[in-house]
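As stored in query09.cif (mmCIF, C-alpha atoms):
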```
data_coords
loop_
_atom_site.label_atom_id
_atom_site.label_comp_id
_atom_site.auth_asym_id
_atom_site.auth_seq_id
_atom_site.Cartn_x
_atom_site.Cartn_y
_atom_site.Cartn_z
CA MET A 7 0.00 0.00 0.00
CA LYS A 8 2.82 2.40 0.89
CA LYS A 9 4.54 1.62 -2.41
CA PHE A 10 1.31 2.34 -4.31
CA LEU A 11 0.83 5.67 -2.51
CA ALA A 12 4.46 6.65 -3.19
CA LEU A 13 4.12 5.88 -6.88
CA THR A 14 0.85 7.79 -7.07
CA LEU A 15 2.39 10.84 -5.37
CA ALA A 16 5.40 10.74 -7.72
CA LEU A 17 3.12 10.61 -10.75
CA VAL A 18 1.10 13.59 -9.50
CA MET A 19 4.32 15.58 -8.96
CA VAL A 20 5.62 14.76 -12.46
CA LEU A 21 2.33 15.76 -14.07
CA ALA A 22 2.20 18.97 -12.05
CA PHE A 23 5.77 19.86 -13.06
CA ALA A 24 5.03 19.15 -16.73
CA ALA A 25 1.91 21.33 -16.60
CA CYS A 26 3.81 24.21 -15.00
CA SER A 27 6.82 23.96 -17.31
CA LYS A 28 4.63 24.07 -20.41
CA ALA A 29 2.63 27.08 -19.27
CA PRO A 30 3.48 30.24 -21.25
CA ALA A 31 5.74 32.65 -19.39
CA SER A 32 4.38 36.19 -19.03
CA ASN A 33 5.81 39.53 -17.99
CA GLU A 34 4.10 42.06 -15.73
CA THR A 35 2.03 43.43 -18.63
CA GLY A 36 0.55 40.01 -19.27
CA SER A 37 2.14 39.57 -22.72
CA LYS A 38 4.01 36.38 -23.50
CA THR A 39 7.69 36.13 -22.69
CA TRP A 40 9.42 33.80 -25.12
CA ILE A 41 11.98 31.48 -23.53
CA ILE A 42 15.06 31.16 -25.77
CA ALA A 43 17.46 28.29 -25.03
CA MET A 44 21.18 28.47 -25.85
CA ASP A 45 24.40 26.56 -25.43
CA THR A 46 26.70 27.62 -22.58
CA VAL A 47 30.14 27.69 -24.27
CA PHE A 48 30.19 28.11 -28.05
CA ARG A 49 32.46 31.08 -28.75
CA PRO A 50 32.02 33.44 -30.48
CA PHE A 51 28.29 32.68 -30.70
CA GLU A 52 27.56 32.35 -26.99
CA TYR A 53 29.83 32.49 -23.96
CA THR A 54 30.44 34.31 -20.68
CA ASP A 55 32.93 37.18 -20.94
CA GLU A 56 35.48 38.39 -18.40
CA ASN A 57 32.79 40.54 -16.73
CA GLY A 58 30.50 37.58 -16.19
CA GLU A 59 28.11 38.71 -18.93
CA PHE A 60 26.55 36.19 -21.32
CA VAL A 61 27.50 37.48 -24.79
CA GLY A 62 28.11 36.41 -28.38
CA ILE A 63 26.81 36.59 -31.94
CA ASP A 64 23.69 34.54 -31.18
CA VAL A 65 22.97 36.58 -28.06
CA ASP A 66 23.23 39.88 -29.91
CA ILE A 67 21.23 38.66 -32.91
CA ILE A 68 18.29 37.34 -30.89
CA ASN A 69 18.25 40.51 -28.77
CA ALA A 70 18.35 42.71 -31.87
CA VAL A 71 15.57 40.71 -33.52
CA ALA A 72 13.47 40.83 -30.34
CA LYS A 73 13.88 44.62 -30.11
CA ASP A 74 13.03 45.05 -33.80
CA GLN A 75 9.90 42.89 -33.50
CA GLY A 76 8.79 44.07 -30.06
CA LEU A 77 9.21 40.63 -28.49
CA ASP A 78 9.75 39.96 -24.80
CA ILE A 79 12.39 37.23 -24.46
CA GLU A 80 14.24 35.46 -21.67
CA ILE A 81 17.53 33.74 -22.54
CA LYS A 82 18.37 30.45 -20.83
CA SER A 83 22.00 29.27 -21.07
CA LEU A 84 21.47 25.51 -20.75
CA GLY A 85 24.02 23.65 -22.85
CA TRP A 86 23.49 22.01 -26.25
CA ASP A 87 21.70 18.79 -25.24
CA ALA A 88 19.72 20.48 -22.46
CA ALA A 89 18.60 23.26 -24.82
CA ILE A 90 17.22 20.71 -27.29
CA ALA A 91 15.52 18.76 -24.49
CA ALA A 92 13.97 21.92 -23.03
CA CYS A 93 12.47 22.87 -26.40
CA GLN A 94 11.19 19.35 -27.02
CA ALA A 95 9.60 19.27 -23.54
CA GLY A 96 7.95 22.66 -23.97
CA GLN A 97 10.10 24.28 -21.28
CA ALA A 98 11.61 26.63 -23.87
CA ASP A 99 10.03 28.11 -27.00
CA GLY A 100 13.02 28.35 -29.33
CA MET A 101 16.72 27.66 -29.61
CA ILE A 102 19.60 29.62 -31.12
CA ALA A 103 22.95 27.92 -30.60
CA GLY A 104 24.85 27.70 -33.86
CA ALA A 105 22.54 24.91 -35.04
CA SER A 106 23.15 23.89 -38.66
CA ILE A 107 20.05 23.52 -40.82
CA THR A 108 20.00 19.90 -42.02
CA GLU A 109 17.41 17.58 -43.55
CA LYS A 110 18.07 15.07 -40.76
CA ARG A 111 17.19 17.57 -38.05
CA GLN A 112 14.12 18.73 -39.96
CA SER A 113 12.97 15.11 -40.21
CA GLU A 114 13.40 14.83 -36.44
CA GLY A 115 11.05 17.74 -35.75
CA TRP A 116 13.30 20.81 -35.87
CA ILE A 117 11.52 23.76 -37.53
CA PHE A 118 14.12 26.24 -38.75
CA SER A 119 14.16 29.91 -39.57
CA ASP A 120 15.95 31.35 -42.56
CA GLY A 121 19.71 30.90 -42.26
CA TYR A 122 21.45 33.63 -40.25
CA TYR A 123 25.10 32.58 -40.68
CA THR A 124 27.04 30.33 -43.08
CA ALA A 125 29.63 28.12 -41.37
CA THR A 126 32.03 25.43 -42.52
CA GLN A 127 33.46 22.63 -40.38
CA CYS A 128 37.14 21.76 -40.08
CA MET A 129 39.53 19.42 -38.30
CA ALA A 130 41.94 20.61 -35.62
CA VAL A 131 44.92 18.82 -34.10
CA ALA A 132 47.41 19.39 -31.29
CA LYS A 133 50.53 21.39 -32.05
CA ASP A 134 53.39 19.21 -33.33
CA SER A 135 51.03 16.23 -33.56
CA GLY A 136 52.30 15.11 -36.95
CA ILE A 137 48.71 14.88 -38.25
CA LYS A 138 48.66 16.63 -41.62
CA GLY A 139 45.30 15.50 -42.98
CA PHE A 140 42.60 12.84 -42.98
CA GLU A 141 45.02 10.18 -44.27
CA ASP A 142 46.91 10.31 -40.95
CA LEU A 143 43.84 9.36 -38.90
CA LYS A 144 43.72 5.64 -39.72
CA GLY A 145 43.37 3.52 -36.59
CA LYS A 146 43.29 6.58 -34.32
CA LEU A 147 40.66 8.18 -32.08
CA VAL A 148 38.95 11.43 -33.09
CA ALA A 149 36.87 13.69 -30.82
CA VAL A 150 33.47 15.17 -31.71
CA LYS A 151 30.77 17.11 -29.88
CA THR A 152 27.55 15.11 -29.67
CA GLY A 153 24.70 16.20 -31.91
CA THR A 154 26.67 18.73 -33.95
CA GLN A 155 27.44 19.16 -37.63
CA GLY A 156 31.08 18.51 -36.73
CA GLU A 157 30.05 15.03 -35.60
CA GLU A 158 28.17 14.48 -38.86
CA TYR A 159 31.20 15.61 -40.87
CA ALA A 160 33.48 13.23 -38.97
CA LYS A 161 31.06 10.34 -39.49
CA SER A 162 30.95 11.06 -43.23
CA LEU A 163 34.73 10.55 -43.38
CA GLN A 164 35.07 7.72 -40.85
CA GLU A 165 34.74 4.72 -43.14
CA GLU A 166 36.99 6.14 -45.86
CA TYR A 167 39.83 7.07 -43.49
CA GLY A 168 39.41 4.33 -40.89
CA PHE A 169 39.37 6.23 -37.60
CA ASP A 170 37.31 5.79 -34.42
CA ILE A 171 35.10 8.46 -32.81
CA SER A 172 34.80 9.55 -29.19
CA ASN A 173 31.85 11.78 -28.20
CA PHE A 174 31.92 14.74 -25.82
CA GLU A 175 29.18 16.97 -24.41
CA ASP A 176 30.87 20.36 -24.88
CA SER A 177 33.63 21.98 -26.90
CA PRO A 178 36.14 22.72 -24.08
CA THR A 179 36.13 19.08 -22.95
CA MET A 180 36.52 17.94 -26.56
CA TYR A 181 39.48 20.29 -27.07
CA GLN A 182 41.16 19.08 -23.89
CA ALA A 183 40.90 15.48 -25.08
CA VAL A 184 43.03 16.45 -28.08
CA VAL A 185 45.46 18.68 -26.18
CA GLY A 186 45.89 15.94 -23.55
CA GLY A 187 46.48 13.21 -26.10
CA GLN A 188 43.33 11.17 -25.50
CA CYS A 189 42.32 11.88 -29.12
CA VAL A 190 44.46 12.94 -32.07
CA ALA A 191 42.01 15.40 -33.65
CA CYS A 192 38.60 17.00 -33.31
CA PHE A 193 35.96 18.30 -35.71
CA GLU A 194 34.39 21.69 -35.05
CA ASP A 195 32.66 24.58 -36.81
CA THR A 196 35.47 26.66 -38.31
CA PRO A 197 34.61 30.07 -36.75
CA ILE A 198 34.31 28.47 -33.30
CA MET A 199 37.56 26.56 -33.70
CA LYS A 200 39.52 29.59 -34.86
CA ASP A 201 38.08 31.79 -32.12
CA SER A 202 39.00 29.16 -29.53
CA ILE A 203 42.57 28.98 -30.84
CA LYS A 204 42.75 32.79 -30.79
CA SER A 205 41.60 32.66 -27.16
CA GLY A 206 44.38 30.29 -26.14
CA VAL A 207 43.35 26.72 -26.97
CA GLU A 208 46.56 24.97 -28.04
CA LEU A 209 45.29 23.43 -31.24
CA VAL A 210 45.93 24.01 -34.94
CA ALA A 211 43.04 24.17 -37.44
CA LEU A 212 43.90 22.49 -40.72
CA ASP A 213 42.36 24.78 -43.32
CA ASP A 214 42.44 22.23 -46.12
CA THR A 215 40.08 20.01 -44.11
CA GLN A 216 37.08 22.35 -44.38
CA ASN A 217 33.86 21.15 -45.98
CA GLU A 218 31.41 23.23 -48.01
CA GLY A 219 29.53 24.27 -44.88
CA GLY A 220 25.92 25.20 -44.31
CA GLU A 221 23.56 27.67 -42.68
CA TYR A 222 22.91 28.16 -38.98
CA GLY A 223 19.25 28.61 -38.10
CA PHE A 224 17.03 29.61 -35.21
CA ALA A 225 14.79 26.64 -34.35
CA ILE A 226 11.51 25.73 -32.72
CA PHE A 227 10.15 22.25 -32.02
CA ASP A 228 6.44 23.05 -31.80
CA ALA A 229 4.51 24.19 -34.87
CA ASN A 230 2.28 26.26 -32.58
CA ASN A 231 5.27 28.61 -32.14
CA GLN A 232 5.43 29.41 -35.87
CA GLU A 233 4.84 33.09 -35.05
CA LEU A 234 8.23 33.10 -33.32
CA ILE A 235 9.94 31.83 -36.50
CA ASP A 236 8.05 34.39 -38.59
CA ALA A 237 9.12 37.18 -36.24
CA PHE A 238 12.74 36.01 -36.30
CA ASN A 239 12.80 35.96 -40.10
CA ALA A 240 11.26 39.43 -40.32
CA GLY A 241 13.61 40.84 -37.69
CA LEU A 242 16.66 39.24 -39.27
CA LYS A 243 15.77 40.83 -42.61
CA ASN A 244 15.41 44.23 -40.95
CA ILE A 245 18.68 44.15 -38.98
CA LYS A 246 20.52 43.07 -42.13
CA ALA A 247 19.01 45.98 -44.07
CA SER A 248 19.90 48.46 -41.32
CA GLY A 249 23.51 47.27 -41.07
CA GLU A 250 23.14 46.14 -37.44
CA TYR A 251 23.73 42.51 -38.43
CA ASP A 252 27.10 43.34 -40.00
CA GLN A 253 28.05 45.34 -36.93
CA ILE A 254 27.35 42.31 -34.72
CA LEU A 255 29.55 40.03 -36.85
CA GLU A 256 32.33 42.62 -36.96
CA LYS A 257 32.17 42.99 -33.17
CA TYR A 258 33.04 39.32 -32.65
CA LEU A 259 34.82 38.27 -35.85
CA GLY A 260 36.51 41.46 -37.03
CA LYS A 261 36.20 42.91 -40.50
#
```

Let's see the structure in the file written out as structure tokens.
Amino acid sequence: MKKFLALTLALVMVLAFAACSKAPASNETGSKTWIIAMDTVFRPFEYTDENGEFVGIDVDIINAVAKDQGLDIEIKSLGWDAAIAACQAGQADGMIAGASITEKRQSEGWIFSDGYYTATQCMAVAKDSGIKGFEDLKGKLVAVKTGTQGEEYAKSLQEEYGFDISNFEDSPTMYQAVVGGQCVACFEDTPIMKDSIKSGVELVALDDTQNEGGEYGFAIFDANNQELIDAFNAGLKNIKASGEYDQILEKYLGK
């Protein structure tokens, strides 16, 4: 009997939490506040600066779009996997985290905006590693960040070049696996990899390993939030026309 009561209480608590987490957030005026999920460390798109402020290209773009469209937003820095899970569970309304627009993701329920940045992926290795290209990876272990386009790029090359893959949850841990010798290389979005190297990560990006790349997109996972995608697309168009978009990129990437 006690076991039955405990299970019943647990079920009630889970259902209550789910109901609360899916309820629309509102500000003091009663209008909806959109919850926007992001990664935690994905420089230069989102990261915490030396002043403890959460900044980056994605942060500035979503804030500029929200201002342009008159949207109330609340940014949640959750991490890649947690951001996806929050959107899928209805605990967040949208996600902007350097997410590449792919057919696979669209088939899995991602609903993307227009592309807001074109990024390639590349391979990086430790300094003096002796790894010059894909041909040197045979029989070795390569690091990737779970659920990213870098992982997909590595998988597309794996059979041809005969290497093994080790998955990591975030970029800094993945980089350290290469610097520390656990893996011989990692695959990452090129602007993130080069910014990380510029910031002190002791890796070398091999430029001749870049692929053709693709577009990053803002994403929702619930078709009922289509108005958020529409607003993002309209705002993105406006900040590009005004020059604010270019100013954001120049701020983090230089001219």

Legend entry - Explicit residue set for the PyMOL selection byres ((chain A and resi 143-148) around 9), as a PyMOL selection string: chain A and resi 137+139-142+149-150+160+164+167-173+184+188-193

Inset, instruction - Determine the nearest neighbour of Gly104 in chain A from the options A:Val65, A:Ala70, A:Ala211, A:Ala130, counting all atoms listed in the file. - result: A:Val65

Legend entry - Residues matched by the PyMOL selection byres ((chain A and resi 94-100) around 6), written as a ChimeraX atom specification: /A:27-28,41-42,91-93,101,225-227

When you look at range 151-157 of chain A with a cut-off of 7 Å (counting only C-alpha atoms), what residues show up, excluding the ones that are within fewer than 4 positions of it in the same chain? I need them as a PDB file with C-alpha atoms, in the coordinates of the input.
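Produced file out_39.pdb, reproduced below:
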```
ATOM      1  CA  SER A 106      23.150  23.890 -38.660  1.00  0.00           C
ATOM      2  CA  GLN A 127      33.460  22.630 -40.380  1.00  0.00           C
ATOM      3  CA  LYS A 161      31.060  10.340 -39.490  1.00  0.00           C
ATOM      4  CA  ASN A 173      31.850  11.780 -28.200  1.00  0.00           C
ATOM      5  CA  PHE A 174      31.920  14.740 -25.820  1.00  0.00           C
ATOM      6  CA  GLU A 175      29.180  16.970 -24.410  1.00  0.00           C
ATOM      7  CA  ASP A 176      30.870  20.360 -24.880  1.00  0.00           C
ATOM      8  CA  SER A 177      33.630  21.980 -26.900  1.00  0.00           C
ATOM      9  CA  MET A 180      36.520  17.940 -26.560  1.00  0.00           C
ATOM     10  CA  PHE A 193      35.960  18.300 -35.710  1.00  0.00           C
ATOM     11  CA  GLU A 194      34.390  21.690 -35.050  1.00  0.00           C
ATOM     12  CA  ASP A 195      32.660  24.580 -36.810  1.00  0.00           C
TER      13      ASP A 195
END
```

Inset, instruction - Have a look at CA of Ser37 in chain A and CA of Gly121 in chain A and let me know their distance in Å, one decimal. - result: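 Distance reported for this atom pair: 27.7 Å.
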
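Closest to Phe51 in chain A among A:Ala103, A:Leu84, A:Ile203, A:Ile79 is A:Ala103, based on only C-alpha atoms.
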
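Proximity of A:Thr126, A:Gln253, A:Asn244, A:Ser113 to Gln75 in chain A, computed with only C-alpha atoms, is greatest for A:Asn244.
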
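Using only C-alpha atoms for every distance, the candidate list A:Leu234, A:Val71, A:Trp40, A:Gly76 yields A:Val71 as the residue closest to Tyr122 in chain A.
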
Legend entry - Distance in Å - CA of Val185 in chain A versus CA of Ala132 in chain A: 5.5 Å

Inset, instruction - Report as a list in words the full result of the PyMOL selection byres ((chain A and resi 124) around 6) when it is applied to this structure. - result: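 What the PyMOL selection byres ((chain A and resi 124) around 6) grabs from the file is Tyr123, Ala125, Gly220 and Glu221 of chain A.
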
Written file, previous selection with C-alpha atoms, as a PDB file, in the coordinates of the input:
```
ATOM      1  CA  TYR A 123      25.100  32.580 -40.680  1.00  0.00           C
ATOM      2  CA  ALA A 125      29.630  28.120 -41.370  1.00  0.00           C
ATOM      3  CA  GLY A 220      25.920  25.200 -44.310  1.00  0.00           C
ATOM      4  CA  GLU A 221      23.560  27.670 -42.680  1.00  0.00           C
TER       5      GLU A 221
END
```

Inset, instruction - Check the smallest atom-to-atom distance from each of A:Glu256, A:Asp120, A:Glu233, A:Glu250 to Asn69 in chain A using all atoms listed in the file, then report the winner. - result: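 Closest to Asn69 in chain A, using all atoms listed in the file: A:Glu250.
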
Legend entry - Separation of CA of Tyr222 in chain A from CA of Ile102 in chain A in Å: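 That distance, rounded to one decimal, is 8.7 Å.
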
Inset, instruction - Can you work out which one of A:Glu166, A:Met44, A:Lys73, A:Ser205 has the shortest atom-to-atom distance to Ala240 in chain A, counting all atoms listed in the file? - result: A:Lys73

Enclose the full set of atoms of range 185-197 of chain A listed in the file within a box whose edges lie along x, y and z, apply 6 Å of padding to each of the six sides, and report centre and edge lengths in Å to one decimal as AutoDock Vina command-line options.
```
--center_x 39.6 --center_y 20.6 --center_z -30.9 --size_x 25.8 --size_y 30.9 --size_z 26.8
```

Legend entry - Answer as a VMD selection string, residues within 12 Å of (10.7, 17.9, -36.9) using all atoms listed in the file: chain A and resid 90 93 to 94 107 to 118 225 to 229

Complete the atom set of range 100-134 of chain A to N, CA and C atoms and return it as a PDB file, keeping the file's coordinate frame.
```
ATOM      1  N   GLY A 100      12.152  28.374 -28.160  1.00  0.00           N
ATOM      2  CA  GLY A 100      13.020  28.350 -29.330  1.00  0.00           C
ATOM      3  C   GLY A 100      14.462  28.202 -28.912  1.00  0.00           C
ATOM      4  N   MET A 101      15.306  27.927 -29.886  1.00  0.00           N
ATOM      5  CA  MET A 101      16.720  27.660 -29.610  1.00  0.00           C
ATOM      6  C   MET A 101      17.581  28.344 -30.670  1.00  0.00           C
ATOM      7  N   ILE A 102      18.595  29.069 -30.209  1.00  0.00           N
ATOM      8  CA  ILE A 102      19.600  29.620 -31.120  1.00  0.00           C
ATOM      9  C   ILE A 102      20.958  29.298 -30.512  1.00  0.00           C
ATOM     10  N   ALA A 103      21.701  28.419 -31.181  1.00  0.00           N
ATOM     11  CA  ALA A 103      22.950  27.920 -30.600  1.00  0.00           C
ATOM     12  C   ALA A 103      23.894  27.403 -31.678  1.00  0.00           C
ATOM     13  N   GLY A 104      23.989  28.147 -32.771  1.00  0.00           N
ATOM     14  CA  GLY A 104      24.850  27.700 -33.860  1.00  0.00           C
ATOM     15  C   GLY A 104      24.408  26.367 -34.421  1.00  0.00           C
ATOM     16  N   ALA A 105      23.102  26.175 -34.553  1.00  0.00           N
ATOM     17  CA  ALA A 105      22.540  24.910 -35.040  1.00  0.00           C
ATOM     18  C   ALA A 105      22.465  24.909 -36.565  1.00  0.00           C
ATOM     19  N   SER A 106      23.167  23.983 -37.199  1.00  0.00           N
ATOM     20  CA  SER A 106      23.150  23.890 -38.660  1.00  0.00           C
ATOM     21  C   SER A 106      21.800  23.370 -39.149  1.00  0.00           C
ATOM     22  N   ILE A 107      21.306  23.958 -40.210  1.00  0.00           N
ATOM     23  CA  ILE A 107      20.050  23.520 -40.820  1.00  0.00           C
ATOM     24  C   ILE A 107      20.333  22.288 -41.675  1.00  0.00           C
ATOM     25  N   THR A 108      19.781  21.152 -41.282  1.00  0.00           N
ATOM     26  CA  THR A 108      20.000  19.900 -42.020  1.00  0.00           C
ATOM     27  C   THR A 108      18.668  19.185 -42.244  1.00  0.00           C
ATOM     28  N   GLU A 109      18.617  18.364 -43.285  1.00  0.00           N
ATOM     29  CA  GLU A 109      17.410  17.580 -43.550  1.00  0.00           C
ATOM     30  C   GLU A 109      17.160  16.594 -42.425  1.00  0.00           C
ATOM     31  N   LYS A 110      18.220  16.036 -41.853  1.00  0.00           N
ATOM     32  CA  LYS A 110      18.070  15.070 -40.760  1.00  0.00           C
ATOM     33  C   LYS A 110      17.376  15.714 -39.572  1.00  0.00           C
ATOM     34  N   ARG A 111      17.819  16.887 -39.185  1.00  0.00           N
ATOM     35  CA  ARG A 111      17.190  17.570 -38.050  1.00  0.00           C
ATOM     36  C   ARG A 111      15.746  17.937 -38.371  1.00  0.00           C
ATOM     37  N   GLN A 112      15.490  18.379 -39.589  1.00  0.00           N
ATOM     38  CA  GLN A 112      14.120  18.730 -39.960  1.00  0.00           C
ATOM     39  C   GLN A 112      13.221  17.500 -39.897  1.00  0.00           C
ATOM     40  N   SER A 113      13.753  16.347 -40.275  1.00  0.00           N
ATOM     41  CA  SER A 113      12.970  15.110 -40.210  1.00  0.00           C
ATOM     42  C   SER A 113      12.706  14.671 -38.776  1.00  0.00           C
ATOM     43  N   GLU A 114      13.541  15.174 -37.849  1.00  0.00           N
ATOM     44  CA  GLU A 114      13.400  14.830 -36.440  1.00  0.00           C
ATOM     45  C   GLU A 114      12.554  15.844 -35.670  1.00  0.00           C
ATOM     46  N   GLY A 115      11.975  16.808 -36.389  1.00  0.00           N
ATOM     47  CA  GLY A 115      11.050  17.740 -35.750  1.00  0.00           C
ATOM     48  C   GLY A 115      11.557  19.145 -35.544  1.00  0.00           C
ATOM     49  N   TRP A 116      12.810  19.430 -35.963  1.00  0.00           N
ATOM     50  CA  TRP A 116      13.300  20.810 -35.870  1.00  0.00           C
ATOM     51  C   TRP A 116      12.594  21.644 -36.941  1.00  0.00           C
ATOM     52  N   ILE A 117      12.125  22.820 -36.577  1.00  0.00           N
ATOM     53  CA  ILE A 117      11.520  23.760 -37.530  1.00  0.00           C
ATOM     54  C   ILE A 117      12.423  24.996 -37.544  1.00  0.00           C
ATOM     55  N   PHE A 118      13.087  25.214 -38.682  1.00  0.00           N
ATOM     56  CA  PHE A 118      14.120  26.240 -38.750  1.00  0.00           C
ATOM     57  C   PHE A 118      13.640  27.550 -39.361  1.00  0.00           C
ATOM     58  N   SER A 119      14.315  28.599 -38.959  1.00  0.00           N
ATOM     59  CA  SER A 119      14.160  29.910 -39.570  1.00  0.00           C
ATOM     60  C   SER A 119      14.969  29.957 -40.863  1.00  0.00           C
ATOM     61  N   ASP A 120      14.982  31.115 -41.494  1.00  0.00           N
ATOM     62  CA  ASP A 120      15.950  31.350 -42.560  1.00  0.00           C
ATOM     63  C   ASP A 120      17.352  31.282 -41.950  1.00  0.00           C
ATOM     64  N   GLY A 121      18.354  30.946 -42.762  1.00  0.00           N
ATOM     65  CA  GLY A 121      19.710  30.900 -42.260  1.00  0.00           C
ATOM     66  C   GLY A 121      20.204  32.273 -41.837  1.00  0.00           C
ATOM     67  N   TYR A 122      20.934  32.331 -40.709  1.00  0.00           N
ATOM     68  CA  TYR A 122      21.450  33.630 -40.250  1.00  0.00           C
ATOM     69  C   TYR A 122      22.968  33.698 -40.268  1.00  0.00           C
ATOM     70  N   TYR A 123      23.642  32.571 -40.580  1.00  0.00           N
ATOM     71  CA  TYR A 123      25.100  32.580 -40.680  1.00  0.00           C
ATOM     72  C   TYR A 123      25.548  31.326 -41.422  1.00  0.00           C
ATOM     73  N   THR A 124      26.513  31.478 -42.341  1.00  0.00           N
ATOM     74  CA  THR A 124      27.040  30.330 -43.080  1.00  0.00           C
ATOM     75  C   THR A 124      28.362  29.893 -42.465  1.00  0.00           C
ATOM     76  N   ALA A 125      28.422  28.632 -42.034  1.00  0.00           N
ATOM     77  CA  ALA A 125      29.630  28.120 -41.370  1.00  0.00           C
ATOM     78  C   ALA A 125      30.101  26.817 -42.000  1.00  0.00           C
ATOM     79  N   THR A 126      31.429  26.690 -42.105  1.00  0.00           N
ATOM     80  CA  THR A 126      32.030  25.430 -42.520  1.00  0.00           C
ATOM     81  C   THR A 126      32.484  24.680 -41.275  1.00  0.00           C
ATOM     82  N   GLN A 127      32.841  23.409 -41.448  1.00  0.00           N
ATOM     83  CA  GLN A 127      33.460  22.630 -40.380  1.00  0.00           C
ATOM     84  C   GLN A 127      34.880  22.258 -40.789  1.00  0.00           C
ATOM     85  N   CYS A 128      35.748  22.093 -39.789  1.00  0.00           N
ATOM     86  CA  CYS A 128      37.140  21.760 -40.080  1.00  0.00           C
ATOM     87  C   CYS A 128      37.662  20.788 -39.028  1.00  0.00           C
ATOM     88  N   MET A 129      38.863  20.300 -39.258  1.00  0.00           N
ATOM     89  CA  MET A 129      39.530  19.420 -38.300  1.00  0.00           C
ATOM     90  C   MET A 129      40.682  20.177 -37.649  1.00  0.00           C
ATOM     91  N   ALA A 130      40.838  19.990 -36.346  1.00  0.00           N
ATOM     92  CA  ALA A 130      41.940  20.610 -35.620  1.00  0.00           C
ATOM     93  C   ALA A 130      42.734  19.538 -34.886  1.00  0.00           C
ATOM     94  N   VAL A 131      44.028  19.791 -34.740  1.00  0.00           N
ATOM     95  CA  VAL A 131      44.920  18.820 -34.100  1.00  0.00           C
ATOM     96  C   VAL A 131      45.812  19.556 -33.095  1.00  0.00           C
ATOM     97  N   ALA A 132      46.475  18.800 -32.246  1.00  0.00           N
ATOM     98  CA  ALA A 132      47.410  19.390 -31.290  1.00  0.00           C
ATOM     99  C   ALA A 132      48.654  19.877 -32.029  1.00  0.00           C
ATOM    100  N   LYS A 133      49.297  20.894 -31.459  1.00  0.00           N
ATOM    101  CA  LYS A 133      50.530  21.390 -32.050  1.00  0.00           C
ATOM    102  C   LYS A 133      51.578  20.284 -32.077  1.00  0.00           C
ATOM    103  N   ASP A 134      52.332  20.213 -33.173  1.00  0.00           N
ATOM    104  CA  ASP A 134      53.390  19.210 -33.330  1.00  0.00           C
ATOM    105  C   ASP A 134      52.874  17.778 -33.255  1.00  0.00           C
TER     106      ASP A 134
END
```
